[in-house]
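Structure file upload21.pdb; described as PDB, C-alpha atoms and all ligand atoms.
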MODEL        1
ATOM      1  CA  MET A  13     129.745 177.253 132.622
ATOM      2  CA  THR A  14     130.975 175.455 129.521
ATOM      3  CA  ALA A  15     133.918 177.219 127.935
ATOM      4  CA  THR A  16     133.631 178.353 124.310
ATOM      5  CA  PRO A  17     136.032 176.274 122.189
ATOM      6  CA  LEU A  18     138.640 178.441 120.434
ATOM      7  CA  ALA A  19     139.289 176.277 117.391
ATOM      8  CA  GLY A  20     142.380 176.781 115.264
ATOM      9  CA  GLN A  21     141.152 175.516 111.895
ATOM     10  CA  GLN A  22     139.434 178.720 110.830
ATOM     11  CA  PRO A  23     142.321 181.109 111.587
ATOM     12  CA  ALA A  24     144.702 178.562 110.059
ATOM     13  CA  ALA A  25     142.668 178.454 106.840
ATOM     14  CA  ALA A  26     142.615 182.269 106.651
ATOM     15  CA  ILE A  27     146.407 182.464 107.122
ATOM     16  CA  ARG A  28     146.978 179.726 104.506
ATOM     17  CA  ALA A  29     144.659 181.449 102.004
ATOM     18  CA  GLU A  30     146.587 184.724 102.326
ATOM     19  CA  ALA A  31     149.916 182.861 101.999
ATOM     20  CA  ALA A  32     148.644 180.920  98.966
ATOM     21  CA  ALA A  33     147.607 184.123  97.161
ATOM     22  CA  ARG A  34     151.038 185.721  97.629
ATOM     23  CA  ALA A  35     152.832 182.428  96.869
ATOM     24  CA  ALA A  36     150.976 182.253  93.538
ATOM     25  CA  GLU A  37     152.120 185.781  92.639
ATOM     26  CA  LEU A  38     155.720 185.014  93.565
ATOM     27  CA  THR A  39     155.612 181.729  91.628
ATOM     28  CA  ALA A  40     154.240 183.536  88.560
ATOM     29  CA  ALA A  41     157.222 185.906  88.831
ATOM     30  CA  GLY A  42     159.583 182.894  88.886
ATOM     31  CA  HIS A  43     160.223 182.874  92.644
ATOM     32  CA  GLN A  44     158.219 180.002  94.122
ATOM     33  CA  PRO A  45     158.603 180.155  97.924
ATOM     34  CA  ARG A  46     160.719 177.233  99.069
ATOM     35  CA  LEU A  47     160.919 175.743 102.535
ATOM     36  CA  ALA A  48     163.617 173.310 103.696
ATOM     37  CA  VAL A  49     163.075 171.052 106.710
ATOM     38  CA  VAL A  50     166.237 169.487 108.170
ATOM     39  CA  SER A  51     165.676 166.358 110.241
ATOM     40  CA  ALA A  52     168.117 164.015 111.975
ATOM     41  CA  THR A  53     165.683 161.746 113.762
ATOM     42  CA  THR A  54     163.430 158.758 113.189
ATOM     43  CA  ASP A  55     161.073 159.877 115.969
ATOM     44  CA  GLN A  56     157.512 158.984 114.867
ATOM     45  CA  SER A  57     155.747 162.130 116.058
ATOM     46  CA  SER A  58     158.433 164.262 114.430
ATOM     47  CA  ALA A  59     157.966 162.350 111.153
ATOM     48  CA  TRP A  60     154.197 162.895 111.371
ATOM     49  CA  TYR A  61     154.718 166.637 111.968
ATOM     50  CA  VAL A  62     157.156 166.967 109.055
ATOM     51  CA  ARG A  63     154.707 165.194 106.711
ATOM     52  CA  SER A  64     151.916 167.520 107.800
ATOM     53  CA  ILE A  65     154.073 170.607 107.130
ATOM     54  CA  ALA A  66     155.102 169.251 103.712
ATOM     55  CA  ARG A  67     151.472 168.501 102.752
ATOM     56  CA  ALA A  68     150.275 171.928 103.921
ATOM     57  CA  ALA A  69     153.149 173.620 102.044
ATOM     58  CA  GLU A  70     152.330 171.850  98.798
ATOM     59  CA  ARG A  71     148.605 172.625  99.116
ATOM     60  CA  THR A  72     149.517 176.296  99.650
ATOM     61  CA  GLY A  73     151.740 176.429  96.564
ATOM     62  CA  LEU A  74     155.132 176.333  98.305
ATOM     63  CA  ARG A  75     157.886 173.908  97.481
ATOM     64  CA  CYS A  76     158.989 171.928 100.523
ATOM     65  CA  ASP A  77     162.150 169.788 100.634
ATOM     66  CA  VAL A  78     162.760 167.487 103.579
ATOM     67  CA  HIS A  79     166.461 166.866 104.260
ATOM     68  CA  GLU A  80     166.594 163.566 106.151
ATOM     69  CA  LEU A  81     170.110 163.282 107.574
ATOM     70  CA  GLY A  82     169.351 160.069 109.492
ATOM     71  CA  PRO A  83     169.431 159.346 113.237
ATOM     72  CA  ASP A  84     173.219 158.842 113.222
ATOM     73  CA  ALA A  85     173.963 162.320 111.865
ATOM     74  CA  GLU A  86     176.175 164.294 114.221
ATOM     75  CA  SER A  87     176.009 167.991 114.991
ATOM     76  CA  PRO A  88     178.680 169.126 112.467
ATOM     77  CA  ALA A  89     176.744 167.498 109.590
ATOM     78  CA  VAL A  90     173.505 169.175 110.675
ATOM     79  CA  ARG A  91     175.242 172.503 111.046
ATOM     80  CA  GLU A  92     176.868 172.185 107.642
ATOM     81  CA  ARG A  93     173.531 171.424 105.942
ATOM     82  CA  LEU A  94     171.908 174.430 107.644
ATOM     83  CA  ALA A  95     174.777 176.646 106.486
ATOM     84  CA  GLU A  96     174.477 175.355 102.895
ATOM     85  CA  LEU A  97     170.741 176.024 102.840
ATOM     86  CA  SER A  98     171.307 179.474 104.357
ATOM     87  CA  ALA A  99     173.656 180.299 101.472
ATOM     88  CA  ASP A 100     171.351 178.852  98.776
ATOM     89  CA  GLY A 101     169.485 181.744  97.121
ATOM     90  CA  SER A 102     166.622 179.473  95.999
ATOM     91  CA  VAL A 103     165.729 178.526  99.616
ATOM     92  CA  HIS A 104     163.632 181.011 101.608
ATOM     93  CA  GLY A 105     162.692 179.247 104.839
ATOM     94  CA  ILE A 106     164.609 176.744 106.982
ATOM     95  CA  ILE A 107     163.241 174.625 109.837
ATOM     96  CA  LEU A 108     165.424 172.482 112.072
ATOM     97  CA  GLN A 109     163.315 169.601 113.312
ATOM     98  CA  THR A 110     163.666 168.213 116.860
ATOM     99  CA  PRO A 111     164.681 165.897 118.500
ATOM    100  CA  LEU A 112     168.293 166.728 117.678
ATOM    101  CA  PRO A 113     171.321 164.407 117.683
ATOM    102  CA  ALA A 114     172.311 163.321 121.209
ATOM    103  CA  GLY A 115     174.176 166.072 123.030
ATOM    104  CA  ALA A 116     173.340 168.771 120.459
ATOM    105  CA  ALA A 117     171.997 172.129 121.646
ATOM    106  CA  LEU A 118     169.205 173.692 119.592
ATOM    107  CA  GLU A 119     170.573 177.218 120.085
ATOM    108  CA  GLU A 120     174.029 176.179 118.901
ATOM    109  CA  LEU A 121     172.823 174.411 115.733
ATOM    110  CA  ALA A 122     170.080 176.907 114.920
ATOM    111  CA  SER A 123     172.553 179.766 114.941
ATOM    112  CA  ALA A 124     173.667 178.339 111.553
ATOM    113  CA  ILE A 125     170.260 179.311 110.085
ATOM    114  CA  ALA A 126     170.411 182.709 108.348
ATOM    115  CA  PHE A 127     168.081 184.866 110.409
ATOM    116  CA  GLU A 128     166.228 186.114 107.284
ATOM    117  CA  LYS A 129     165.273 182.453 106.624
ATOM    118  CA  ASP A 130     164.674 181.498 110.258
ATOM    119  CA  VAL A 131     160.917 180.974 109.785
ATOM    120  CA  ASP A 132     160.497 179.147 113.101
ATOM    121  CA  GLY A 133     162.496 181.659 115.145
ATOM    122  CA  ALA A 134     165.017 179.047 116.311
ATOM    123  CA  ASN A 135     168.207 181.106 115.916
ATOM    124  CA  PRO A 136     168.884 182.896 119.235
ATOM    125  CA  LEU A 137     169.361 186.047 117.163
ATOM    126  CA  SER A 138     165.648 185.911 116.281
ATOM    127  CA  LEU A 139     164.597 185.764 119.945
ATOM    128  CA  GLY A 140     167.006 188.591 120.759
ATOM    129  CA  ARG A 141     165.607 190.729 117.956
ATOM    130  CA  LEU A 142     162.050 189.928 119.067
ATOM    131  CA  ALA A 143     162.908 190.969 122.633
ATOM    132  CA  GLY A 144     164.583 194.105 121.291
ATOM    133  CA  GLY A 145     161.542 195.111 119.228
ATOM    134  CA  LEU A 146     163.317 194.493 115.907
ATOM    135  CA  PRO A 147     161.816 192.621 112.943
ATOM    136  CA  ALA A 148     162.244 188.842 113.278
ATOM    137  CA  PHE A 149     160.175 185.724 112.755
ATOM    138  CA  PRO A 150     158.900 184.614 116.170
ATOM    139  CA  PRO A 151     158.709 180.863 116.825
ATOM    140  CA  ALA A 152     155.493 179.873 115.032
ATOM    141  CA  THR A 153     153.927 178.213 118.094
ATOM    142  CA  ALA A 154     154.383 181.337 120.217
ATOM    143  CA  GLU A 155     152.913 183.515 117.473
ATOM    144  CA  ALA A 156     150.032 181.042 117.067
ATOM    145  CA  VAL A 157     148.964 181.823 120.647
ATOM    146  CA  VAL A 158     148.550 185.498 119.808
ATOM    147  CA  ALA A 159     147.101 184.838 116.328
ATOM    148  CA  LEU A 160     144.385 182.637 117.865
ATOM    149  CA  LEU A 161     143.525 185.263 120.461
ATOM    150  CA  GLU A 162     143.382 187.992 117.818
ATOM    151  CA  HIS A 163     141.295 185.880 115.434
ATOM    152  CA  HIS A 164     138.755 185.268 118.190
ATOM    153  CA  ARG A 165     138.836 188.999 119.047
ATOM    154  CA  ILE A 166     140.030 188.511 122.605
ATOM    155  CA  PRO A 167     141.366 191.829 123.834
ATOM    156  CA  LEU A 168     144.890 191.878 125.266
ATOM    157  CA  ALA A 169     145.706 195.517 125.984
ATOM    158  CA  GLY A 170     145.612 196.129 129.720
ATOM    159  CA  ARG A 171     144.634 192.501 130.483
ATOM    160  CA  ARG A 172     146.603 190.192 132.761
ATOM    161  CA  ALA A 173     148.291 187.353 130.847
ATOM    162  CA  VAL A 174     150.043 184.489 132.640
ATOM    163  CA  VAL A 175     152.317 182.175 130.630
ATOM    164  CA  VAL A 176     153.252 178.861 132.256
ATOM    165  CA  GLY A 177     156.565 177.721 130.710
ATOM    166  CA  ARG A 178     159.695 179.709 129.893
ATOM    167  CA  SER A 179     161.277 177.793 126.999
ATOM    168  CA  THR A 180     162.904 179.770 124.204
ATOM    169  CA  VAL A 181     160.572 177.964 121.772
ATOM    170  CA  VAL A 182     157.222 178.863 123.338
ATOM    171  CA  GLY A 183     157.040 180.504 126.776
ATOM    172  CA  LYS A 184     159.528 183.371 126.446
ATOM    173  CA  PRO A 185     158.605 184.433 122.892
ATOM    174  CA  ALA A 186     154.871 184.144 123.725
ATOM    175  CA  ALA A 187     155.482 186.455 126.712
ATOM    176  CA  HIS A 188     157.231 189.014 124.451
ATOM    177  CA  LEU A 189     154.414 188.887 121.904
ATOM    178  CA  LEU A 190     151.766 189.380 124.603
ATOM    179  CA  LEU A 191     153.777 192.260 126.051
ATOM    180  CA  ASP A 192     153.984 193.812 122.564
ATOM    181  CA  ARG A 193     150.173 193.797 122.561
ATOM    182  CA  ASP A 194     150.120 195.684 125.866
ATOM    183  CA  ALA A 195     149.110 192.788 128.123
ATOM    184  CA  THR A 196     150.553 192.757 131.645
ATOM    185  CA  VAL A 197     152.549 189.550 131.538
ATOM    186  CA  THR A 198     153.716 187.114 134.214
ATOM    187  CA  VAL A 199     155.836 184.076 133.335
ATOM    188  CA  CYS A 200     155.706 180.939 135.528
ATOM    189  CA  HIS A 201     158.026 177.918 135.539
ATOM    190  CA  SER A 202     158.888 174.817 137.550
ATOM    191  CA  ARG A 203     160.159 176.889 140.508
ATOM    192  CA  THR A 204     157.114 179.156 140.724
ATOM    193  CA  ALA A 205     155.665 179.031 144.234
ATOM    194  CA  ASP A 206     151.919 178.392 144.462
ATOM    195  CA  LEU A 207     151.326 178.172 140.723
ATOM    196  CA  ALA A 208     147.540 178.119 141.093
ATOM    197  CA  ALA A 209     147.529 181.406 143.039
ATOM    198  CA  VAL A 210     149.426 183.085 140.189
ATOM    199  CA  THR A 211     147.501 181.521 137.299
ATOM    200  CA  ARG A 212     144.172 182.436 138.924
ATOM    201  CA  THR A 213     145.092 186.114 138.415
ATOM    202  CA  ALA A 214     145.059 185.638 134.633
ATOM    203  CA  ASP A 215     142.492 187.034 132.227
ATOM    204  CA  VAL A 216     144.423 185.047 129.590
ATOM    205  CA  LEU A 217     146.283 181.910 130.675
ATOM    206  CA  VAL A 218     148.777 180.205 128.335
ATOM    207  CA  ALA A 219     149.922 176.688 129.280
ATOM    208  CA  ALA A 220     153.170 175.655 127.542
ATOM    209  CA  VAL A 221     154.659 173.050 129.842
ATOM    210  CA  GLY A 222     154.509 169.528 128.444
ATOM    211  CA  ARG A 223     152.748 168.014 131.498
ATOM    212  CA  PRO A 224     149.380 166.443 130.659
ATOM    213  CA  GLY A 225     146.542 167.892 132.712
ATOM    214  CA  LEU A 226     148.768 170.126 134.894
ATOM    215  CA  ILE A 227     146.305 173.008 134.707
ATOM    216  CA  THR A 228     143.073 172.121 136.491
ATOM    217  CA  ALA A 229     139.969 174.072 137.508
ATOM    218  CA  GLU A 230     141.746 175.375 140.648
ATOM    219  CA  HIS A 231     144.320 177.160 138.412
ATOM    220  CA  VAL A 232     141.749 179.097 136.406
ATOM    221  CA  ALA A 233     139.778 182.282 137.075
ATOM    222  CA  PRO A 234     136.068 182.101 136.238
ATOM    223  CA  GLY A 235     135.415 183.354 132.705
ATOM    224  CA  SER A 236     139.088 183.576 131.714
ATOM    225  CA  VAL A 237     140.578 182.548 128.364
ATOM    226  CA  VAL A 238     142.850 179.491 128.397
ATOM    227  CA  ILE A 239     145.255 178.634 125.573
ATOM    228  CA  ASP A 240     146.616 175.094 125.751
ATOM    229  CA  VAL A 241     149.912 174.775 123.864
ATOM    230  CA  GLY A 242     150.737 171.338 125.265
ATOM    231  CA  THR A 243     150.914 168.432 122.860
ATOM    232  CA  ASN A 244     151.515 165.338 124.941
ATOM    233  CA  PRO A 245     151.272 161.921 123.302
ATOM    234  CA  THR A 246     148.704 159.521 124.786
ATOM    235  CA  PRO A 247     149.156 155.725 124.956
ATOM    236  CA  ASP A 248     146.509 155.243 122.233
ATOM    237  CA  GLY A 249     148.519 157.350 119.752
ATOM    238  CA  GLY A 250     146.530 160.573 120.263
ATOM    239  CA  LEU A 251     147.443 163.912 121.794
ATOM    240  CA  THR A 252     146.448 165.605 125.012
ATOM    241  CA  GLY A 253     147.155 169.098 126.289
ATOM    242  CA  ASP A 254     148.587 170.594 129.477
ATOM    243  CA  VAL A 255     145.074 171.582 130.534
ATOM    244  CA  ASP A 256     142.615 169.203 132.165
ATOM    245  CA  ALA A 257     139.895 170.206 129.703
ATOM    246  CA  ASP A 258     137.066 168.419 131.539
ATOM    247  CA  SER A 259     137.443 170.393 134.763
ATOM    248  CA  VAL A 260     138.676 173.671 133.228
ATOM    249  CA  ALA A 261     135.784 173.891 130.739
ATOM    250  CA  ASP A 262     133.421 174.328 133.703
ATOM    251  CA  VAL A 263     135.288 177.431 134.916
ATOM    252  CA  ALA A 264     136.976 179.133 131.936
ATOM    253  CA  GLY A 265     135.106 181.335 129.483
ATOM    254  CA  ALA A 266     137.012 180.005 126.466
ATOM    255  CA  LEU A 267     139.514 177.191 125.877
ATOM    256  CA  THR A 268     141.528 175.921 122.916
ATOM    257  CA  PRO A 269     141.078 172.233 122.062
ATOM    258  CA  VAL A 270     143.996 169.790 121.751
ATOM    259  CA  PRO A 271     144.356 168.742 119.009
ATOM    260  CA  GLY A 272     142.862 171.373 116.718
ATOM    261  CA  GLY A 273     143.751 174.584 118.566
ATOM    262  CA  VAL A 274     147.286 176.004 118.520
ATOM    263  CA  GLY A 275     148.672 173.240 116.241
ATOM    264  CA  PRO A 276     146.992 174.088 112.913
ATOM    265  CA  VAL A 277     147.732 177.800 113.384
ATOM    266  CA  THR A 278     151.409 176.997 114.020
ATOM    267  CA  THR A 279     151.718 175.149 110.705
ATOM    268  CA  ALA A 280     149.915 177.910 108.805
ATOM    269  CA  LEU A 281     152.240 180.543 110.303
ATOM    270  CA  LEU A 282     155.332 178.620 109.186
ATOM    271  CA  LEU A 283     153.992 178.875 105.635
ATOM    272  CA  ARG A 284     153.174 182.582 106.023
ATOM    273  CA  HIS A 285     156.694 183.222 107.310
ATOM    274  CA  THR A 286     158.240 181.350 104.374
ATOM    275  CA  VAL A 287     156.200 183.343 101.855
ATOM    276  CA  ARG A 288     157.170 186.599 103.603
ATOM    277  CA  ALA A 289     160.824 185.547 103.610
ATOM    278  CA  ALA A 290     160.620 184.781  99.863
ATOM    279  CA  ASP A 291     158.983 188.135  99.263
ATOM    280  CA  ARG A 292     161.661 190.054 101.181
ATOM    281  CA  LEU A 293     164.603 188.105  99.773
ATOM    282  CA  HIS A 294     163.456 188.683  96.183
ATOM    283  CA  ARG A 295     162.715 192.361  96.767
ATOM    284  CA  ALA A 296     166.201 192.743  98.246
ATOM    285  CA  ALA A 297     167.864 190.835  95.344
TER     286      ALA A 297
HETATM  287  P1  LIG B 301     160.086 172.666 127.521
HETATM  288  O1  LIG B 301     161.222 173.237 126.780
HETATM  289  O2  LIG B 301     160.222 171.326 128.177
HETATM  290  O3  LIG B 301     159.676 173.742 128.636
HETATM  291  C1  LIG B 301     158.714 173.430 129.589
HETATM  292  C2  LIG B 301     158.540 174.601 130.533
HETATM  293  O4  LIG B 301     157.546 174.228 131.494
HETATM  294  C3  LIG B 301     159.811 174.944 131.309
HETATM  295  O5  LIG B 301     159.982 176.339 131.346
HETATM  296  C4  LIG B 301     159.540 174.376 132.705
HETATM  297  O6  LIG B 301     160.108 175.140 133.748
HETATM  298  C5  LIG B 301     158.040 174.518 132.799
HETATM  299  N1  LIG B 301     157.501 173.557 133.761
HETATM  300  C6  LIG B 301     157.764 172.225 133.863
HETATM  301  N2  LIG B 301     157.066 171.679 134.872
HETATM  302  C7  LIG B 301     156.357 172.677 135.441
HETATM  303  C8  LIG B 301     155.450 172.766 136.510
HETATM  304  N3  LIG B 301     155.127 171.675 137.241
HETATM  305  N4  LIG B 301     154.902 173.952 136.804
HETATM  306  C9  LIG B 301     155.206 175.055 136.092
HETATM  307  N5  LIG B 301     156.064 175.045 135.037
HETATM  308  C10 LIG B 301     156.618 173.874 134.719
HETATM  309  O7  LIG B 301     158.784 172.559 126.608
HETATM  310  P2  LIG B 301     158.351 173.435 125.300
HETATM  311  O8  LIG B 301     159.210 173.065 124.164
HETATM  312  O9  LIG B 301     158.189 174.857 125.670
HETATM  313  O10 LIG B 301     156.916 172.797 125.025
HETATM  314  C11 LIG B 301     155.865 172.941 125.946
HETATM  315  C12 LIG B 301     154.670 172.163 125.438
HETATM  316  O11 LIG B 301     154.256 172.729 124.202
HETATM  317  C13 LIG B 301     154.967 170.681 125.140
HETATM  318  O12 LIG B 301     153.807 169.901 125.419
HETATM  319  C14 LIG B 301     155.207 170.679 123.649
HETATM  320  O13 LIG B 301     154.924 169.424 123.046
HETATM  321  C15 LIG B 301     154.216 171.726 123.207
HETATM  322  N6  LIG B 301     154.525 172.329 121.897
HETATM  323  C16 LIG B 301     153.479 172.433 121.029
HETATM  324  C17 LIG B 301     153.681 172.976 119.793
HETATM  325  C18 LIG B 301     152.500 173.125 118.849
HETATM  326  O14 LIG B 301     152.670 173.409 117.688
HETATM  327  N7  LIG B 301     151.271 173.010 119.338
HETATM  328  C19 LIG B 301     154.972 173.396 119.414
HETATM  329  C20 LIG B 301     156.013 173.333 120.342
HETATM  330  C21 LIG B 301     155.759 172.793 121.593
HETATM  331  P3  LIG B 301     161.721 175.286 133.966
HETATM  332  O15 LIG B 301     162.172 176.279 132.934
HETATM  333  O16 LIG B 301     161.834 175.774 135.348
HETATM  334  O17 LIG B 301     162.282 173.917 133.736
ENDMDL
END

Now that the file is in, can you turn its structure into structure tokens?
Amino acid sequence: MTATPLAGQQPAAAIRAEAAARAAELTAAGHQPRLAVVSATTDQSSAWYVRSIARAAERTGLRCDVHELGPDAESPAVRERLAELSADGSVHGIILQTPLPAGAALEELASAIAFEKDVDGANPLSLGRLAGGLPAFPPATAEAVVALLEHHRIPLAGRRAVVVGRSTVVGKPAAHLLLDRDATVTVCHSRTADLAAVTRTADVLVAAVGRPGLITAEHVAPGSVVIDVGTNPTPDGGLTGDVDADSVADVAGALTPVPGGVGPVTTALLLRHTVRAADRLHRAA
């Protein structure tokens, strides 16, 4: 068997087109959606990611400001900038870029992002609301998992989904979103006993670990759908996933590529969230 590739470019383009249409209407009404990215790092892959968000935002008709606080910025300065942007009525979406200053906790800093503007679901309040079934922006990567599955018309209701990884950024919110779509969800982590025995029960397997090639053919049920969230840098400057694509493609029914799977959908969803935040904030004003 050779797994069908579940590419992200097409769903990403559809999400961007919808966001661009609404952004144009809001801009015509004098409310151009505006995204702020706060960064306190010189990390190369972070810089590449921020540039790609800024380019995608501009192409979609959003304004995007990058607030570079420098690698020496300490937590209070980051927190203060997030609070200022939260209070600024012309800003609709706020992203706090990682890595953070040494010793800083994402949850602590991100709680300074107003939850209405928390377009990457980083404020713990957003995860709590998501878990409680209340409106909130989920972390874009977690939502990208579900958006990809829905775009490719992969049914979730009543199916067994296994998520490997329990971070607040990907694993836990992805599990909530799958549960919301009536999948029967199991979450695995570094202390899970006999990982392969659990993952082989999955109709839909989501790998969000950060370990290149952790998921091999022995972890995958024949014909199942595998979503690879991992983005691990390779020595030649490329990216590789958490799934050993060569072996898994012979067993799975469908598999997302890395790069070009979850990543483009994640960026598109950040833009959609910012446009929705702009829409809501101006309706409420
Ligand atoms: P993270 O915070 O480091 O969490 C990793 C999770 O994997 C933890 O829950 C950990 O378990 C679990 N884990 C580690 N080793 C394991 C093992 N051998 N078996 C089973 N579980 C194991 O990472 P993250 O932020 O969620 O990111 C995960 C991956 O997604 C990374 O490759 C990251 O680069 C990628 N990512 C991609 C995007 C995108 O847009 N495509 C966005 C964000 C992240 P414990 O909880 O027990 O430690």

Proximity of chain A to ligand LIG 301 (chain B): per-residue shortest pair, 10 Å limit, all atoms listed in the file, as a tab-separated table:
residue	atom	partner	partner_atom	distance
A:Tyr61	CA	B:LIG301	O14	9.1
A:Thr110	CA	B:LIG301	O8	9.8
A:Pro151	CA	B:LIG301	C20	8.7
A:Ala152	CA	B:LIG301	O14	7.5
A:Thr153	CA	B:LIG301	O14	5.0
A:Ala154	CA	B:LIG301	C19	8.0
A:Ala156	CA	B:LIG301	O14	8.1
A:Val157	CA	B:LIG301	N7	9.2
A:Val175	CA	B:LIG301	N5	9.2
A:Val176	CA	B:LIG301	N5	5.5
A:Gly177	CA	B:LIG301	C2	3.7
A:Arg178	CA	B:LIG301	O5	3.7
A:Ser179	CA	B:LIG301	O9	4.5
A:Thr180	CA	B:LIG301	O9	7.0
A:Val181	CA	B:LIG301	O9	5.5
A:Val182	CA	B:LIG301	O9	4.7
A:Gly183	CA	B:LIG301	O9	5.9
A:Lys184	CA	B:LIG301	O5	8.6
A:Pro185	CA	B:LIG301	O9	10.0
A:Val199	CA	B:LIG301	O5	9.0
A:Cys200	CA	B:LIG301	N5	5.9
A:His201	CA	B:LIG301	N5	3.5
A:Ser202	CA	B:LIG301	C10	3.7
A:Arg203	CA	B:LIG301	O16	5.5
A:Thr204	CA	B:LIG301	C9	6.5
A:Ala205	CA	B:LIG301	N4	9.0
A:Asp206	CA	B:LIG301	N4	9.3
A:Leu207	CA	B:LIG301	N4	6.8
A:Ala208	CA	B:LIG301	N4	9.5
A:Ala219	CA	B:LIG301	C12	7.6
A:Ala220	CA	B:LIG301	C11	4.1
A:Val221	CA	B:LIG301	O4	3.5
A:Gly222	CA	B:LIG301	O12	3.1
A:Arg223	CA	B:LIG301	O12	6.5
A:Pro224	CA	B:LIG301	O12	7.7
A:Leu226	CA	B:LIG301	N3	7.0
A:Ile227	CA	B:LIG301	N4	8.9
A:Asp240	CA	B:LIG301	O11	8.1
A:Val241	CA	B:LIG301	O11	4.8
A:Gly242	CA	B:LIG301	O12	3.4
A:Thr243	CA	B:LIG301	O12	4.1
A:Asn244	CA	B:LIG301	O12	5.1
A:Pro245	CA	B:LIG301	O13	8.3
A:Leu251	CA	B:LIG301	O13	9.4
A:Thr252	CA	B:LIG301	O12	8.5
A:Gly253	CA	B:LIG301	O12	6.8
A:Asp254	CA	B:LIG301	O12	6.6
A:Val270	CA	B:LIG301	N7	8.3
A:Pro271	CA	B:LIG301	N7	8.1
A:Gly272	CA	B:LIG301	N7	9.0
A:Gly273	CA	B:LIG301	N7	7.7
A:Val274	CA	B:LIG301	N7	5.1
A:Gly275	CA	B:LIG301	N7	4.0
A:Pro276	CA	B:LIG301	O14	7.4
A:Val277	CA	B:LIG301	O14	7.9
A:Thr278	CA	B:LIG301	O14	5.3
A:Thr279	CA	B:LIG301	O14	7.3

Inset, instruction - State, in Å with one decimal place, the distance from CA of Thr268 in chain A to CA of Ser58 in chain A. - result: 22.2 Å

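Of note, CA of Thr286 in chain A and CA of Ile106 in chain A are spaced 8.3 Å apart.
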
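With CA of Leu18 in chain A on one side and CA of Leu283 in chain A on the other, the separation reads 21.3 Å.
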
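Taken over the shown file, the PyMOL selection byres (((chain A and resi 52) around 7) and not hetatm) identifies A:Val50, A:Ser51, A:Thr53, A:Glu80, A:Leu81, A:Gly82, A:Pro83, A:Ala85, A:Leu112, A:Pro113.
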
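The shell of residues at most 10 Å from Gly145 in chain A, with only C-alpha atoms counted and near chain neighbours (fewer than 3 positions) removed, consists of Leu139, Gly140, Arg141, Leu142, Ala148, His188, Leu189 and Asp192 of chain A.
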
Inset, instruction - Apply the PyMOL selection byres (((chain A and resi 137) around 12) and not hetatm) to the displayed file and report the matching residues as number ranges by chain. - result: A: 119-120, 122-130, 132-136, 138-144, 146-151, 180

Legend entry - Selection: 10 Å around Ile27 in chain A, only C-alpha atoms, excl. self and same-chain fewer than 3 positions, as a ChimeraX atom specification: /A:21-24,30-32,159,277,279-284
